[in-house]
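Working notes, beginning with the structure itself.
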Protein chains: 2
Amino acid sequence: MSAPTVYDVAERANVSIATVSRVYRNPGTVREQTRDRVLVAARELGYVPSGNARGLASRSTGVLGLCFPDYADPDLDDDDAEQTLYADEITRGMERAARRHGYALLIAASLEDGPESLVASVAGRVDGFAVLARTVATEDLELMSRRLPVVMIAGPREIDHLDHLEVANLDGEFTMTTHLIADHGLRRLAFVGGGEDSPDARARFAGFQQALRAADLPVPAEPAARGDFTQAGGREAARRLLARGAPPQAMVFANDQMAIGGLDVLERQGMRVPADMAVVGFDGIPLGRVVRPSLTTVTQPMRRLGETAVDLLVERLADPDREPRSEMLPVTQTRRASCGCPEPAPR
Amino acid sequence: MSAPTVYDVAERANVSIATVSRVYRNPGTVREQTRDRVLVAARELGYVPSGNARGLASRSTGVLGLCFPDYADPDLDDDDAEQTLYADEITRGMERAARRHGYALLIAASLEDGPESLVASVAGRVDGFAVLARTVATEDLELMSRRLPVVMIAGPREIDHLDHLEVANLDGEFTMTTHLIADHGLRRLAFVGGGEDSPDARARFAGFQQALRAADLPVPAEPAARGDFTQAGGREAARRLLARGAPPQAMVFANDQMAIGGLDVLERQGMRVPADMAVVGFDGIPLGRVVRPSLTTVTQPMRRLGETAVDLLVERLADPDREPRSEMLPVTQTRRASCGCPEPAPR
DNA sequence: GTGAAAGCGCTAACAT
DNA sequence: ATGTTAGCGCTTTCAC
């Protein structure tokens, strides 16, 4: 079971190891007859080039990495589906883009860090990598980014010499809120935020605030309620808002899962959506299209995040000295029934 | 930007490279004071061990691989969601399990094979890998499996000395079909299959046939219709079945996506499900819980497939000579409204 | 077009 | 507890 090497192949094909190597790297520079001999020998032996040896000799691995937080534990049903989905979509986007560029993808979810932290183990094996916000200690990132390309996805731009990617959270929520105010004539809107430390939720809240301000409506300093991004959290928040009396005319949830939880509570309490209460989310998860009423939301380009991350990585690999770039990906408004817009036609 | 090596760290910490290496591999065997010196030096330099050099020297990479087919192309909405979801869940399962065992995960979707096929590029970088059925030419697999652990997920067991993992397709469909016959008293059932070459769909059909036979009902030699596993395919198949006259009392779809497409067509044609027509799927995708009527289905343990694959890999890594194993993972019956069972209570 | 030889950065005996 | 020294399997000049 010990793997054959270039030496074995070379011997069998009566050529030097250099030629074997060439057959794989620059087939063009080897005479056809010789090349065939090598290929046949390789096949007979079951030879596969060692990625490690290659990487070591050529100082590049042909692999790009992705680090993301380890969402949720067990077999939890779908409440973790969102974050999980988020990471998955990014993974898929990166995977595709990486392959297009001839790279493989190494993925690693953080757990805890021994002396060899997650980053280090990834960093040692790849030509560059992407990190989802708040996966990795800033300090470690700082270190790594001095030696190989790193792009930070979502979240605030913590390290200024890093390439950075985010979505237009503020803009998206501003536009959505303005839609509620201007197009549906609503004036009492409640924002349901996420945990204090979520920069995404904060940016969305800021967009919400701006829209109120722009419309000369009273601007709350804090979200009317907070949730933990799960459906359960959304239910909870909706209940609290309703219990408070003087219910708003619209609930603007910081994400879709919470909005869907909210929808459920509203229905059970006999409120009609959108007639009595408009509801909007953020993210654009598939579920939102299926729930009734279908969910109006701000759709994130999740897959494109992954693709763009790879693009940035590849660019920087090609030109290590180019200025760090920060890109903001646009979001799109998905107007369905829960805000009062007409139910879109089924496909 | 050229990465520091053990030599740089050793020099800075006034120790030998061996000591540096030890600090990372067996911290216990180095005096604390020395260890700290090394760690400090490493940190100052931004040192990260090279995975390649490590792998080369130690003949093991600490990475497990996964190859899967490249489902669908563009940004296709949700019709590819299923296969995609399937692969994702397996990926997640493997990722978690791999991490538990201290491995990272390299993923690669096949595209086409140059001289360096997908397998080869994966095989050269990992300690062992899993392959989703029909991703990789059998011949290549045969070759690879002689040099490193390979486990084949789903599909038939094409190579007998490979570890192999599958789900109880036949059993699951047998039980489901029997439920329709015995518990709901249905007697005219139509099976909607997948492409001819899908071993999964075939196994499910076989389970369907067995159930009919066991109930002394007429046993069709072929599925009543076929689809391509998408919702559109399911719609199409349902339409054809309906157009044929003498509609069945139940449609048994080879997977959930098709079943959901079927549900849609039935509703539009004014048939009530399950009153006029029972519908069941296979897979257990999240969407099935949300559609109305909610979909009765056979749920696959997707994530566990990934976990088990890793377990098999790790076992074989520990004992390369153990007999090849083939495991069949159980499926579960998910009875919801579309077969005539009561709608389960919302959570 | 092909071969010879020098590393790539690390681990793993084996010394000390 | 720490240092010395071979490789690991490949790529890559540089000759021929």
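Chain labels run A, B, ... following the order of the structure tokens; each chain numbers its residues from 1, and ligands are numbered from 1 in the order shown.
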Mind dumping a table of every chain D residue within 10 Å of chain B, with the nearest atom pair and its distance in Å to one decimal, using only C-alpha atoms (C1' of nucleotides), sorted by chain and rising number, as a tab-separated table?
```
residue	atom	partner	partner_atom	distance
D:DA1	C1'	B:Val30	CA	6.4
D:DT2	C1'	B:Thr19	CA	6.7
D:DG3	C1'	B:Ser16	CA	6.1
D:DT4	C1'	B:Ala18	CA	9.1
D:DG7	C1'	B:Ala57	CA	8.1
D:DC8	C1'	B:Ala57	CA	4.5
D:DG9	C1'	B:Leu56	CA	7.3
D:DC10	C1'	B:Leu56	CA	9.8
```
### Message
Select, as a PyMOL selection string, those residues of chain A with any atom no more than 6 Å from chain B (distances computed using only C-alpha atoms).
### Response
chain A and resi 1+3+46+48-53+55-56+105-107+120+124-125+143+147
### Task
Quote the spacing between atom CA of Leu132 of chain B and atom CA of Thr308 of chain B in Å to one decimal place.
13.2 Å
Taking only C-alpha atoms (C1' of nucleotides) into account and nothing else, which residues of chain C lie no more than 8 Å away from chain A? Please answer as a PDB file with N, CA, C and O atoms (P, O5', C5', C4', C3', O3' and C1' of nucleotides), in the first residue's frame.
```
ATOM      1  P    DG C   1      11.345  19.525 -28.220  1.00  0.00           P
ATOM      2  O5'  DG C   1      11.369  18.086 -27.589  1.00  0.00           O
ATOM      3  C5'  DG C   1      11.538  16.945 -28.396  1.00  0.00           C
ATOM      4  C4'  DG C   1      12.414  15.982 -27.643  1.00  0.00           C
ATOM      5  C3'  DG C   1      11.806  15.479 -26.328  1.00  0.00           C
ATOM      6  O3'  DG C   1      12.222  14.131 -26.156  1.00  0.00           O
ATOM      7  C1'  DG C   1      13.833  16.603 -25.877  1.00  0.00           C
ATOM      8  P    DT C   2      11.743  13.240 -24.961  1.00  0.00           P
ATOM      9  O5'  DT C   2      12.905  13.372 -23.894  1.00  0.00           O
ATOM     10  C5'  DT C   2      14.101  12.615 -24.124  1.00  0.00           C
ATOM     11  C4'  DT C   2      15.141  12.964 -23.091  1.00  0.00           C
ATOM     12  C3'  DT C   2      14.786  12.575 -21.656  1.00  0.00           C
ATOM     13  O3'  DT C   2      15.643  11.490 -21.302  1.00  0.00           O
ATOM     14  C1'  DT C   2      15.875  14.692 -21.795  1.00  0.00           C
ATOM     15  P    DG C   3      15.543  10.876 -19.848  1.00  0.00           P
ATOM     16  O5'  DG C   3      16.793  11.577 -19.160  1.00  0.00           O
ATOM     17  C5'  DG C   3      18.091  11.335 -19.699  1.00  0.00           C
ATOM     18  C4'  DG C   3      19.141  12.015 -18.841  1.00  0.00           C
ATOM     19  C3'  DG C   3      19.089  11.653 -17.345  1.00  0.00           C
ATOM     20  O3'  DG C   3      20.432  11.504 -16.883  1.00  0.00           O
ATOM     21  C1'  DG C   3      18.878  13.989 -17.594  1.00  0.00           C
ATOM     22  P    DC C   8      15.964  25.574  -0.053  1.00  0.00           P
ATOM     23  O5'  DC C   8      14.396  25.249  -0.104  1.00  0.00           O
ATOM     24  C5'  DC C   8      13.511  25.906  -1.012  1.00  0.00           C
ATOM     25  C4'  DC C   8      12.157  25.244  -0.887  1.00  0.00           C
ATOM     26  C3'  DC C   8      11.726  25.020   0.557  1.00  0.00           C
ATOM     27  O3'  DC C   8      10.808  26.046   0.918  1.00  0.00           O
ATOM     28  C1'  DC C   8      11.374  23.039  -0.819  1.00  0.00           C
ATOM     29  P    DG C   9      11.108  26.925   2.235  1.00  0.00           P
ATOM     30  O5'  DG C   9      10.517  26.016   3.392  1.00  0.00           O
ATOM     31  C5'  DG C   9       9.137  25.686   3.354  1.00  0.00           C
ATOM     32  C4'  DG C   9       8.863  24.594   4.371  1.00  0.00           C
ATOM     33  C3'  DG C   9       9.365  24.900   5.777  1.00  0.00           C
ATOM     34  O3'  DG C   9       8.326  24.562   6.678  1.00  0.00           O
ATOM     35  C1'  DG C   9      10.197  22.820   5.059  1.00  0.00           C
TER      36       DG C   9
END
```
#### Entry: Residues of segment 58-241 of chain A in helix (DSSP H, G or I), written as JSON, numbers by chain
{"A": [58, 78, 79, 80, 81, 82, 83, 84, 85, 86, 87, 88, 89, 90, 91, 92, 93, 94, 95, 96, 97, 98, 99, 100, 118, 119, 120, 121, 122, 123, 138, 139, 140, 141, 142, 143, 144, 169, 170, 171, 172, 173, 174, 175, 176, 177, 178, 179, 180, 181, 182, 183, 184, 199, 200, 201, 202, 203, 204, 205, 206, 207, 208, 209, 210, 211, 212, 213, 214, 231, 232, 233, 234, 235, 236, 237, 238, 239, 240, 241]}
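Around segment 210-221 of chain A, within 10 Å and counting only C-alpha atoms (C1' of nucleotides), the residues found are Leu170, Asp171, Glu173, Phe174, Thr175, Met176, Thr177, Thr178, His179, Leu180, Ile181, Ala182, Arg187, Arg188, Leu189, Ala190, Phe191 and Arg204 of chain A, once anything fewer than 6 positions away on its own chain is removed.
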Take the residues just selected and output them with N, CA and C atoms as a PDB file, in the first residue's frame.
```pdb
ATOM      1  N   LEU A 170     -26.981  48.102   5.462  1.00  0.00           N
ATOM      2  CA  LEU A 170     -27.613  49.372   5.783  1.00  0.00           C
ATOM      3  C   LEU A 170     -28.513  49.843   4.642  1.00  0.00           C
ATOM      4  N   ASP A 171     -27.936  49.910   3.475  1.00  0.00           N
ATOM      5  CA  ASP A 171     -28.702  50.301   2.297  1.00  0.00           C
ATOM      6  C   ASP A 171     -29.962  49.484   2.113  1.00  0.00           C
ATOM      7  N   GLU A 173     -31.697  47.715   4.218  1.00  0.00           N
ATOM      8  CA  GLU A 173     -32.751  47.919   5.204  1.00  0.00           C
ATOM      9  C   GLU A 173     -33.350  49.313   5.067  1.00  0.00           C
ATOM     10  N   PHE A 174     -32.541  50.237   4.674  1.00  0.00           N
ATOM     11  CA  PHE A 174     -33.037  51.587   4.429  1.00  0.00           C
ATOM     12  C   PHE A 174     -34.098  51.550   3.326  1.00  0.00           C
ATOM     13  N   THR A 175     -33.764  50.909   2.248  1.00  0.00           N
ATOM     14  CA  THR A 175     -34.685  50.851   1.121  1.00  0.00           C
ATOM     15  C   THR A 175     -35.968  50.126   1.492  1.00  0.00           C
ATOM     16  N   MET A 176     -35.800  49.020   2.203  1.00  0.00           N
ATOM     17  CA  MET A 176     -36.975  48.249   2.594  1.00  0.00           C
ATOM     18  C   MET A 176     -37.879  49.073   3.515  1.00  0.00           C
ATOM     19  N   THR A 177     -37.286  49.708   4.481  1.00  0.00           N
ATOM     20  CA  THR A 177     -38.069  50.492   5.437  1.00  0.00           C
ATOM     21  C   THR A 177     -38.770  51.641   4.720  1.00  0.00           C
ATOM     22  N   THR A 178     -38.045  52.240   3.812  1.00  0.00           N
ATOM     23  CA  THR A 178     -38.633  53.335   3.048  1.00  0.00           C
ATOM     24  C   THR A 178     -39.825  52.840   2.223  1.00  0.00           C
ATOM     25  N   HIS A 179     -39.696  51.660   1.715  1.00  0.00           N
ATOM     26  CA  HIS A 179     -40.807  51.057   0.967  1.00  0.00           C
ATOM     27  C   HIS A 179     -42.049  50.937   1.849  1.00  0.00           C
ATOM     28  N   LEU A 180     -41.832  50.477   3.054  1.00  0.00           N
ATOM     29  CA  LEU A 180     -42.954  50.309   3.987  1.00  0.00           C
ATOM     30  C   LEU A 180     -43.614  51.658   4.256  1.00  0.00           C
ATOM     31  N   ILE A 181     -42.789  52.662   4.450  1.00  0.00           N
ATOM     32  CA  ILE A 181     -43.305  53.982   4.792  1.00  0.00           C
ATOM     33  C   ILE A 181     -43.956  54.654   3.582  1.00  0.00           C
ATOM     34  N   ALA A 182     -43.209  54.700   2.509  1.00  0.00           N
ATOM     35  CA  ALA A 182     -43.663  55.479   1.359  1.00  0.00           C
ATOM     36  C   ALA A 182     -44.734  54.760   0.553  1.00  0.00           C
ATOM     37  N   ARG A 187     -46.501  54.029   9.480  1.00  0.00           N
ATOM     38  CA  ARG A 187     -45.771  55.048  10.223  1.00  0.00           C
ATOM     39  C   ARG A 187     -45.253  54.549  11.568  1.00  0.00           C
ATOM     40  N   ARG A 188     -45.834  53.512  12.074  1.00  0.00           N
ATOM     41  CA  ARG A 188     -45.346  52.987  13.351  1.00  0.00           C
ATOM     42  C   ARG A 188     -44.679  51.636  13.099  1.00  0.00           C
ATOM     43  N   LEU A 189     -43.364  51.680  12.999  1.00  0.00           N
ATOM     44  CA  LEU A 189     -42.615  50.475  12.661  1.00  0.00           C
ATOM     45  C   LEU A 189     -41.749  50.041  13.832  1.00  0.00           C
ATOM     46  N   ALA A 190     -41.694  48.735  14.054  1.00  0.00           N
ATOM     47  CA  ALA A 190     -40.838  48.226  15.129  1.00  0.00           C
ATOM     48  C   ALA A 190     -39.733  47.365  14.527  1.00  0.00           C
ATOM     49  N   PHE A 191     -38.518  47.586  14.979  1.00  0.00           N
ATOM     50  CA  PHE A 191     -37.384  46.789  14.496  1.00  0.00           C
ATOM     51  C   PHE A 191     -37.047  45.704  15.517  1.00  0.00           C
ATOM     52  N   ARG A 204     -28.173  46.820   9.885  1.00  0.00           N
ATOM     53  CA  ARG A 204     -29.554  46.828   9.396  1.00  0.00           C
ATOM     54  C   ARG A 204     -30.403  47.797  10.213  1.00  0.00           C
TER      55      ARG A 204
END
```
### Query
Which residues, written as a ChimeraX atom specification, have at least one atom at most 9 Å from Thr299 of chain B, with only C-alpha atoms (C1' of nucleotides) counted and residues fewer than 2 positions away on the same chain left out?
/B:172,282-285,297,301-302,331-334
Write out the residues from the selection above, keeping N, CA, C and O atoms, as a short mmCIF file (atom, residue, chain, number, x, y, z; two decimals), in the first residue's frame.
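So the final result, stored in result-v5.cif, reads:
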```cif
data_model
loop_
_atom_site.label_atom_id
_atom_site.label_comp_id
_atom_site.auth_asym_id
_atom_site.auth_seq_id
_atom_site.Cartn_x
_atom_site.Cartn_y
_atom_site.Cartn_z
N GLY B 172 -37.11 1.23 2.80
CA GLY B 172 -37.86 2.43 3.11
C GLY B 172 -39.09 2.55 2.22
O GLY B 172 -40.19 2.87 2.69
N PHE B 282 -39.65 11.00 -1.11
CA PHE B 282 -38.53 10.26 -0.54
C PHE B 282 -37.38 11.25 -0.38
O PHE B 282 -37.05 11.96 -1.33
N ASP B 283 -36.80 11.31 0.77
CA ASP B 283 -35.62 12.12 1.08
C ASP B 283 -35.73 12.85 2.41
O ASP B 283 -34.80 12.86 3.19
N GLY B 284 -36.90 13.54 2.58
CA GLY B 284 -37.04 14.28 3.82
C GLY B 284 -36.43 15.66 3.75
O GLY B 284 -35.81 16.10 4.72
N ILE B 285 -36.60 16.37 2.64
CA ILE B 285 -36.07 17.73 2.58
C ILE B 285 -36.95 18.67 3.41
O ILE B 285 -38.14 18.40 3.61
N THR B 297 -43.13 11.33 3.69
CA THR B 297 -41.92 10.95 2.96
C THR B 297 -41.08 9.95 3.75
O THR B 297 -41.35 9.67 4.92
N PRO B 301 -30.99 9.79 6.31
CA PRO B 301 -30.08 10.38 7.30
C PRO B 301 -28.87 10.98 6.59
O PRO B 301 -27.77 10.45 6.65
N MET B 302 -29.08 12.10 5.93
CA MET B 302 -28.02 12.63 5.07
C MET B 302 -26.76 12.98 5.83
O MET B 302 -25.65 12.65 5.43
N VAL B 331 -33.50 4.35 7.18
CA VAL B 331 -34.27 5.56 6.89
C VAL B 331 -35.45 5.59 7.85
O VAL B 331 -35.72 4.60 8.51
N THR B 332 -36.11 6.72 7.94
CA THR B 332 -37.26 6.78 8.83
C THR B 332 -38.51 7.22 8.06
O THR B 332 -38.41 7.93 7.07
N GLN B 333 -39.64 6.77 8.53
CA GLN B 333 -40.89 7.15 7.88
C GLN B 333 -41.40 8.45 8.48
O GLN B 333 -41.54 8.56 9.70
N THR B 334 -41.65 9.42 7.62
CA THR B 334 -42.17 10.69 8.11
C THR B 334 -43.60 10.85 7.61
O THR B 334 -43.84 11.16 6.46
#
```
### Task
Mind listing the strand (DSSP E) residues of segment 39-202 of chain A, per DSSP on the backbone, as JSON, numbers by chain?
{"A": [63, 64, 65, 66, 67, 68, 104, 105, 106, 107, 108, 109, 128, 129, 130, 131, 132, 150, 151, 152, 153, 163, 164, 165, 166, 167, 189, 190, 191, 192, 193]}
